[in-house]
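Take a look at the structure set out below.
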Amino acid sequence: MERSLLQPVSVGIVSAVVGVTSSFAVVLAGLTAAGADPAQASSGLVVLTALMGLATFWLSRRSRRPITVAWSTPGAALLASTGAVAGGWPAVVGAFLVTGALIVLTGLWGRLGRIVGAIPAPLAQAMLAGVLLPLCLAPVRALAEQPLLVAPIVVVWVVLQRFAPRWAAPAAFVLALAIVIVLADGWSWLQPPTLTVTAPSFSVAAVVGVALPLYVVTMASQNLPGVAVLGAADYQVPWRQAMVVTGAGTMIGATAGAHAINLAAITAALPASPEAHPDPARRWIASQANGVTCLLLAPLATTLAALVAAAPPGVVESVAGLALLGTFAAAVTGAMAVPAGAGADPVARVPAAMAFLFAAAGFTIGGIGSAFWGLVVGIVLHLVLRGRRVSA
């Protein structure tokens, strides 16, 4: 391979492997908590990985820009905290379809995008932080309950956070899989890729409690930051095309268990950086390599899911929590940022604090999870207290 191709191709492969392995456990936990059985969850992972590859390959080739598509890790965390809903897995699949339709509509109808953009960023970040809190507590609990199994995973993660942070979560995941393989009875975890299709059903509780929060989290924590990351590297994202492709991809994969794909945020920075190629016009090749790598990784998702399912309690959960710590820290920081014009008013942080507490509480009202209620309470308090500041 000529040298001008070796650099972007190697960067694309690395970004794909890091993107998949760093949050694989989170996505599997989310699909399982939402009601998917092992076959349905592994099917979702296969399809998600393949859709990421196809969408990345298509968008980067069409635009000649280093556009990368990922699964919605915050969305998976939301599913893990929301749990099963009325109507079971078919209703959740219906909610995935609605989420995809909303993403497509966002690309076609500018007003919907502006409505989402009008949600105060601290409230969206507070909801995300509340969703992530129970998951980020998992390593702490697992370390107390399974110290011999979990401590090595934590140590590897900490060491690599110091010397190679990009590889910290993937290395922790690989070590967890190695532990499972050692403890496994035989080779039953070797599984061929399978697809399981579920007929969707639709319920108000699933649409309001799953689809709307999943849409908001995906837009606020993935798509909008993804545009910002590429913008910082002087690349303009073809917004309408990106939303239509990722939204349609979400709808296509929904019945097979895929919850959502979107513009990558964190992993988007690597293909768009000088590490991919000194010439900005050649960096799109890195995204092409990323897409092809995801397509090659997709058939392995079933085996990885079977390994995760065979893990002792707490092992994989600790990996998921460690992988989300950086996102949790960023969400908490963003949630507690004082809104513009609020000055030193301590009350300015109250709406975000309430949104965080409601989202973290994990309760259900009328079949609708606490993440949605946290966002509603936060918005209402924001409007009420903003009126207070204006009148003052």
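Following the order of the structure tokens, first chain is A, next is B, and so on, with residues numbered from 1 inside each chain and ligands from 1 in the order they appear.
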
Handout entry: Shell of 12 Å around Leu175 in chain A, only C-alpha atoms, local chain residues under 4 positions omitted, as a ChimeraX atom specification
Key = /A:21,149-157,167-171,179-182,308,311,315-316,318-319

Problem - Secondary structure check, alpha helix (DSSP H) residues of range 78-196 of chain A, as a ChimeraX atom specification - result: /A:78-82,88-108,110-118,121-136,138-145,147-163,168-183

Give me, as a tab-separated table, the closest atom pair and its distance (Å, one decimal) for every residue of range 270-295 of chain A within a cut-off of 12 Å of range 49-64 of chain A, counting only C-alpha atoms, rows sorted by chain and rising number.
```
residue	atom	partner	partner_atom	distance
A:Pro271	CA	A:Ser60	CA	10.7
A:Ala272	CA	A:Ser60	CA	11.1
A:Pro280	CA	A:Arg64	CA	10.1
A:Ala281	CA	A:Arg64	CA	7.5
A:Arg282	CA	A:Arg64	CA	8.1
A:Arg283	CA	A:Arg64	CA	8.4
A:Trp284	CA	A:Arg64	CA	5.6
A:Ile285	CA	A:Ser60	CA	7.9
A:Ala286	CA	A:Ser60	CA	9.1
A:Ser287	CA	A:Ser60	CA	6.2
A:Gln288	CA	A:Phe57	CA	5.0
A:Ala289	CA	A:Phe57	CA	8.0
A:Asn290	CA	A:Gly53	CA	7.0
A:Gly291	CA	A:Gly53	CA	3.7
A:Val292	CA	A:Gly53	CA	5.9
A:Thr293	CA	A:Gly53	CA	7.1
A:Cys294	CA	A:Gly53	CA	4.8
A:Leu295	CA	A:Ala50	CA	5.0
```

Hey, which bits of range 49-158 of chain A sit within 12 Å of range 368-372 of chain A, and for each residue what's the closest pair of atoms and how far apart in Å (one decimal), counting only C-alpha atoms, rows by chain and increasing number, as a tab-separated table?
```
residue	atom	partner	partner_atom	distance
A:Pro74	CA	A:Ala371	CA	12.0
A:Gly75	CA	A:Ala371	CA	11.2
A:Ala77	CA	A:Ala371	CA	10.9
A:Leu78	CA	A:Ala371	CA	7.6
A:Leu79	CA	A:Gly369	CA	9.7
A:Ala80	CA	A:Gly369	CA	11.0
A:Ser81	CA	A:Ala371	CA	8.3
A:Thr82	CA	A:Gly369	CA	5.5
A:Gly83	CA	A:Gly369	CA	8.2
A:Ala84	CA	A:Gly369	CA	9.4
A:Val85	CA	A:Ile368	CA	7.5
A:Ala86	CA	A:Ile368	CA	8.8
A:Gly87	CA	A:Ile368	CA	11.9
A:Leu123	CA	A:Ala371	CA	11.1
A:Ala124	CA	A:Ala371	CA	10.0
A:Gln125	CA	A:Ala371	CA	11.4
A:Ala126	CA	A:Ala371	CA	9.7
A:Met127	CA	A:Ala371	CA	6.1
A:Leu128	CA	A:Ala371	CA	8.1
A:Ala129	CA	A:Ala371	CA	10.0
A:Gly130	CA	A:Ala371	CA	7.6
A:Val131	CA	A:Ala371	CA	6.7
A:Leu132	CA	A:Ala371	CA	10.5
A:Leu133	CA	A:Ala371	CA	11.8
```

Exercise for the section: Do a neighbour search on range 229-232 of chain A at 8 Å with only C-alpha atoms, toss out local chain neighbours closer than 3 positions, and write the hits as JSON, numbers by chain. Expected result: {"A": [67, 225, 226, 235, 236, 237, 265, 266, 268, 269, 272]}

Practice task
Using CA of Ala118 in chain A and CA of Met219 in chain A as the two end points, give the distance in Å to one decimal.
Solution key: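 Going from CA of Ala118 in chain A over to CA of Met219 in chain A, I get 11.9 Å.
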
Handout entry: 8 Å contact set for Ala211 in chain A, only C-alpha atoms, chain neighbours under 2 positions out, as a list in words
Key = Ala95, Phe96, Val98, Thr99, Ala206, Val207, Val208, Gly209, Pro213, Leu214 and Tyr215 of chain A

How would the residues just picked look written out with all heavy atoms as a PDB file, in the first residue's frame?
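Result file selection_29.pdb:
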```
ATOM      1  N   ALA A  95     -40.605   2.310  19.025  1.00  0.00           N
ATOM      2  CA  ALA A  95     -39.997   3.577  19.432  1.00  0.00           C
ATOM      3  C   ALA A  95     -38.732   3.865  18.620  1.00  0.00           C
ATOM      4  O   ALA A  95     -38.453   5.019  18.275  1.00  0.00           O
ATOM      5  CB  ALA A  95     -39.669   3.534  20.921  1.00  0.00           C
ATOM      6  N   PHE A  96     -37.949   2.824  18.299  1.00  0.00           N
ATOM      7  CA  PHE A  96     -36.761   3.019  17.450  1.00  0.00           C
ATOM      8  C   PHE A  96     -37.169   3.562  16.079  1.00  0.00           C
ATOM      9  O   PHE A  96     -36.509   4.444  15.520  1.00  0.00           O
ATOM     10  CB  PHE A  96     -36.004   1.703  17.260  1.00  0.00           C
ATOM     11  CG  PHE A  96     -35.400   1.139  18.521  1.00  0.00           C
ATOM     12  CD1 PHE A  96     -34.957  -0.186  18.561  1.00  0.00           C
ATOM     13  CD2 PHE A  96     -35.264   1.903  19.671  1.00  0.00           C
ATOM     14  CE1 PHE A  96     -34.383  -0.711  19.700  1.00  0.00           C
ATOM     15  CE2 PHE A  96     -34.700   1.378  20.828  1.00  0.00           C
ATOM     16  CZ  PHE A  96     -34.256   0.061  20.835  1.00  0.00           C
ATOM     17  N   VAL A  98     -39.820   5.356  15.392  1.00  0.00           N
ATOM     18  CA  VAL A  98     -40.223   6.757  15.560  1.00  0.00           C
ATOM     19  C   VAL A  98     -38.996   7.650  15.683  1.00  0.00           C
ATOM     20  O   VAL A  98     -38.941   8.745  15.105  1.00  0.00           O
ATOM     21  CB  VAL A  98     -41.139   6.902  16.793  1.00  0.00           C
ATOM     22  CG1 VAL A  98     -41.424   8.372  17.079  1.00  0.00           C
ATOM     23  CG2 VAL A  98     -42.451   6.147  16.578  1.00  0.00           C
ATOM     24  N   THR A  99     -37.996   7.188  16.429  1.00  0.00           N
ATOM     25  CA  THR A  99     -36.760   7.965  16.565  1.00  0.00           C
ATOM     26  C   THR A  99     -36.117   8.212  15.207  1.00  0.00           C
ATOM     27  O   THR A  99     -35.705   9.333  14.885  1.00  0.00           O
ATOM     28  CB  THR A  99     -35.765   7.228  17.481  1.00  0.00           C
ATOM     29  OG1 THR A  99     -36.344   7.070  18.772  1.00  0.00           O
ATOM     30  CG2 THR A  99     -34.463   8.013  17.611  1.00  0.00           C
ATOM     31  N   ALA A 206     -44.178   4.115  25.116  1.00  0.00           N
ATOM     32  CA  ALA A 206     -42.891   3.863  24.459  1.00  0.00           C
ATOM     33  C   ALA A 206     -42.443   5.053  23.628  1.00  0.00           C
ATOM     34  O   ALA A 206     -41.258   5.404  23.605  1.00  0.00           O
ATOM     35  CB  ALA A 206     -42.980   2.616  23.590  1.00  0.00           C
ATOM     36  N   VAL A 207     -43.388   5.692  22.949  1.00  0.00           N
ATOM     37  CA  VAL A 207     -43.028   6.862  22.134  1.00  0.00           C
ATOM     38  C   VAL A 207     -42.556   8.008  23.020  1.00  0.00           C
ATOM     39  O   VAL A 207     -41.523   8.637  22.760  1.00  0.00           O
ATOM     40  CB  VAL A 207     -44.231   7.301  21.259  1.00  0.00           C
ATOM     41  CG1 VAL A 207     -43.959   8.654  20.613  1.00  0.00           C
ATOM     42  CG2 VAL A 207     -44.510   6.255  20.187  1.00  0.00           C
ATOM     43  N   VAL A 208     -43.303   8.277  24.102  1.00  0.00           N
ATOM     44  CA  VAL A 208     -42.948   9.398  24.977  1.00  0.00           C
ATOM     45  C   VAL A 208     -41.753   9.046  25.865  1.00  0.00           C
ATOM     46  O   VAL A 208     -40.868   9.880  26.079  1.00  0.00           O
ATOM     47  CB  VAL A 208     -44.162   9.803  25.845  1.00  0.00           C
ATOM     48  CG1 VAL A 208     -43.775  10.900  26.837  1.00  0.00           C
ATOM     49  CG2 VAL A 208     -45.306  10.279  24.958  1.00  0.00           C
ATOM     50  N   GLY A 209     -41.731   7.814  26.373  1.00  0.00           N
ATOM     51  CA  GLY A 209     -40.693   7.451  27.330  1.00  0.00           C
ATOM     52  C   GLY A 209     -39.401   6.953  26.722  1.00  0.00           C
ATOM     53  O   GLY A 209     -38.357   6.980  27.374  1.00  0.00           O
ATOM     54  N   PRO A 213     -36.995  10.832  24.333  1.00  0.00           N
ATOM     55  CA  PRO A 213     -35.688  11.006  24.985  1.00  0.00           C
ATOM     56  C   PRO A 213     -34.526  10.479  24.143  1.00  0.00           C
ATOM     57  O   PRO A 213     -33.454  11.090  24.117  1.00  0.00           O
ATOM     58  CB  PRO A 213     -35.831  10.212  26.291  1.00  0.00           C
ATOM     59  CG  PRO A 213     -37.282  10.153  26.558  1.00  0.00           C
ATOM     60  CD  PRO A 213     -37.923  10.077  25.192  1.00  0.00           C
ATOM     61  N   LEU A 214     -34.743   9.360  23.445  1.00  0.00           N
ATOM     62  CA  LEU A 214     -33.683   8.811  22.594  1.00  0.00           C
ATOM     63  C   LEU A 214     -33.352   9.786  21.468  1.00  0.00           C
ATOM     64  O   LEU A 214     -32.169   9.997  21.139  1.00  0.00           O
ATOM     65  CB  LEU A 214     -34.123   7.464  22.021  1.00  0.00           C
ATOM     66  CG  LEU A 214     -33.156   6.741  21.076  1.00  0.00           C
ATOM     67  CD1 LEU A 214     -31.814   6.508  21.753  1.00  0.00           C
ATOM     68  CD2 LEU A 214     -33.759   5.425  20.598  1.00  0.00           C
ATOM     69  N   TYR A 215     -34.356  10.400  20.900  1.00  0.00           N
ATOM     70  CA  TYR A 215     -34.146  11.396  19.847  1.00  0.00           C
ATOM     71  C   TYR A 215     -33.392  12.612  20.383  1.00  0.00           C
ATOM     72  O   TYR A 215     -32.412  13.069  19.781  1.00  0.00           O
ATOM     73  CB  TYR A 215     -35.495  11.817  19.273  1.00  0.00           C
ATOM     74  CG  TYR A 215     -35.451  13.051  18.400  1.00  0.00           C
ATOM     75  CD1 TYR A 215     -34.841  13.014  17.150  1.00  0.00           C
ATOM     76  CD2 TYR A 215     -36.011  14.250  18.836  1.00  0.00           C
ATOM     77  CE1 TYR A 215     -34.803  14.145  16.346  1.00  0.00           C
ATOM     78  CE2 TYR A 215     -35.984  15.378  18.039  1.00  0.00           C
ATOM     79  CZ  TYR A 215     -35.370  15.325  16.797  1.00  0.00           C
ATOM     80  OH  TYR A 215     -35.319  16.450  16.012  1.00  0.00           O
TER      81      TYR A 215
END
```

Problem - Spatial neighbours of Asn262 in chain A, max dist 7 Å, only C-alpha atoms, sep filter under 4 positions, as number ranges by chain - result: A: 69-72, 222-223, 246

File of the preceding selection, all heavy atoms, as a short mmCIF file (atom, residue, chain, number, x, y, z; two decimals), in the first residue's frame:
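Result file out_25.cif:
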```cif
data_model
loop_
_atom_site.label_atom_id
_atom_site.label_comp_id
_atom_site.auth_asym_id
_atom_site.auth_seq_id
_atom_site.Cartn_x
_atom_site.Cartn_y
_atom_site.Cartn_z
N VAL A 69 -19.87 7.80 11.11
CA VAL A 69 -21.15 7.50 11.75
C VAL A 69 -20.92 6.46 12.85
O VAL A 69 -20.09 5.54 12.69
CB VAL A 69 -22.17 6.97 10.72
CG1 VAL A 69 -23.45 6.48 11.40
CG2 VAL A 69 -22.49 8.06 9.70
N ALA A 70 -21.62 6.63 13.96
CA ALA A 70 -21.48 5.73 15.11
C ALA A 70 -22.87 5.35 15.61
O ALA A 70 -23.87 5.94 15.22
CB ALA A 70 -20.68 6.40 16.22
N TRP A 71 -22.90 4.34 16.48
CA TRP A 71 -24.16 4.07 17.17
C TRP A 71 -24.30 5.07 18.30
O TRP A 71 -23.34 5.68 18.76
CB TRP A 71 -24.24 2.64 17.68
CG TRP A 71 -23.07 2.14 18.49
CD1 TRP A 71 -22.36 2.84 19.43
CD2 TRP A 71 -22.48 0.84 18.44
NE1 TRP A 71 -21.38 2.06 19.98
CE2 TRP A 71 -21.43 0.82 19.39
CE3 TRP A 71 -22.75 -0.32 17.72
CZ2 TRP A 71 -20.65 -0.31 19.62
CZ3 TRP A 71 -21.97 -1.44 17.95
CH2 TRP A 71 -20.94 -1.43 18.88
N SER A 72 -25.53 5.25 18.77
CA SER A 72 -25.79 6.23 19.82
C SER A 72 -25.47 5.62 21.18
O SER A 72 -26.30 4.93 21.78
CB SER A 72 -27.26 6.69 19.78
OG SER A 72 -27.52 7.60 20.83
N GLN A 222 -24.87 13.66 20.25
CA GLN A 222 -24.13 13.03 19.16
C GLN A 222 -24.13 13.88 17.89
O GLN A 222 -23.08 14.28 17.41
CB GLN A 222 -24.72 11.64 18.86
CG GLN A 222 -24.53 10.64 19.98
CD GLN A 222 -23.15 10.00 20.00
OE1 GLN A 222 -22.78 9.29 20.92
NE2 GLN A 222 -22.35 10.24 18.97
N ASN A 223 -25.31 14.16 17.33
CA ASN A 223 -25.34 14.83 16.04
C ASN A 223 -24.82 16.26 16.09
O ASN A 223 -23.99 16.65 15.27
CB ASN A 223 -26.76 14.79 15.47
CG ASN A 223 -27.12 13.43 14.90
OD1 ASN A 223 -26.26 12.69 14.43
ND2 ASN A 223 -28.39 13.06 14.98
N THR A 246 -28.74 8.83 8.30
CA THR A 246 -28.71 8.19 9.63
C THR A 246 -30.11 7.89 10.14
O THR A 246 -30.33 6.87 10.78
CB THR A 246 -27.94 9.05 10.64
OG1 THR A 246 -28.53 10.37 10.69
CG2 THR A 246 -26.48 9.20 10.25
#
```

Exercise for the section: Using only C-alpha atoms, pick whichever of A:Val380, A:Ala329, A:Ile119, A:Leu102 has the shortest atom-to-atom distance to Pro351 in chain A. Expected result: A:Val380

Problem - Between CA of Trp187 in chain A and CA of Leu297 in chain A - distance in Å to one decimal - result: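 That distance, rounded to one decimal, is 19.8 Å.
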
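In this comparison, which uses only C-alpha atoms, the residue of A:Thr327, A:Val140, A:Ala34, A:Pro120 approaching Leu375 in chain A most closely is A:Pro120.
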
Practice task
Work out how far apart CA of Ile261 in chain A and CA of Leu97 in chain A are and give it in Å to one decimal.
Solution key: 11.8 Å

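Remark: for Val104 in chain A, the closest of the candidate residues A:Gly378, A:Gly186, A:Pro165, A:Gly247 is A:Gly247 (distances computed over only C-alpha atoms).
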
Exercise for the section: Give the answer as one residue: which of A:Leu148, A:Ala310, A:Val116, A:Leu263 has the shortest atom-to-atom distance to Leu212 in chain A, using only C-alpha atoms? Expected result: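 Of A:Leu148, A:Ala310, A:Val116, A:Leu263, the one nearest Leu212 in chain A, counting only C-alpha atoms, is A:Val116.
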
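Distances to Gly253 in chain A were evaluated for A:Val350, A:Ala320, A:Leu48, A:Ala101 using only C-alpha atoms, and the minimum falls at A:Leu48.
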
Practice task
Find the residue from A:Ala172, A:Val17, A:Leu28, A:Gln7 that sits nearest to Leu160 in chain A; use only C-alpha atoms when measuring.
Solution key: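 Closest to Leu160 in chain A, using only C-alpha atoms: A:Ala172.
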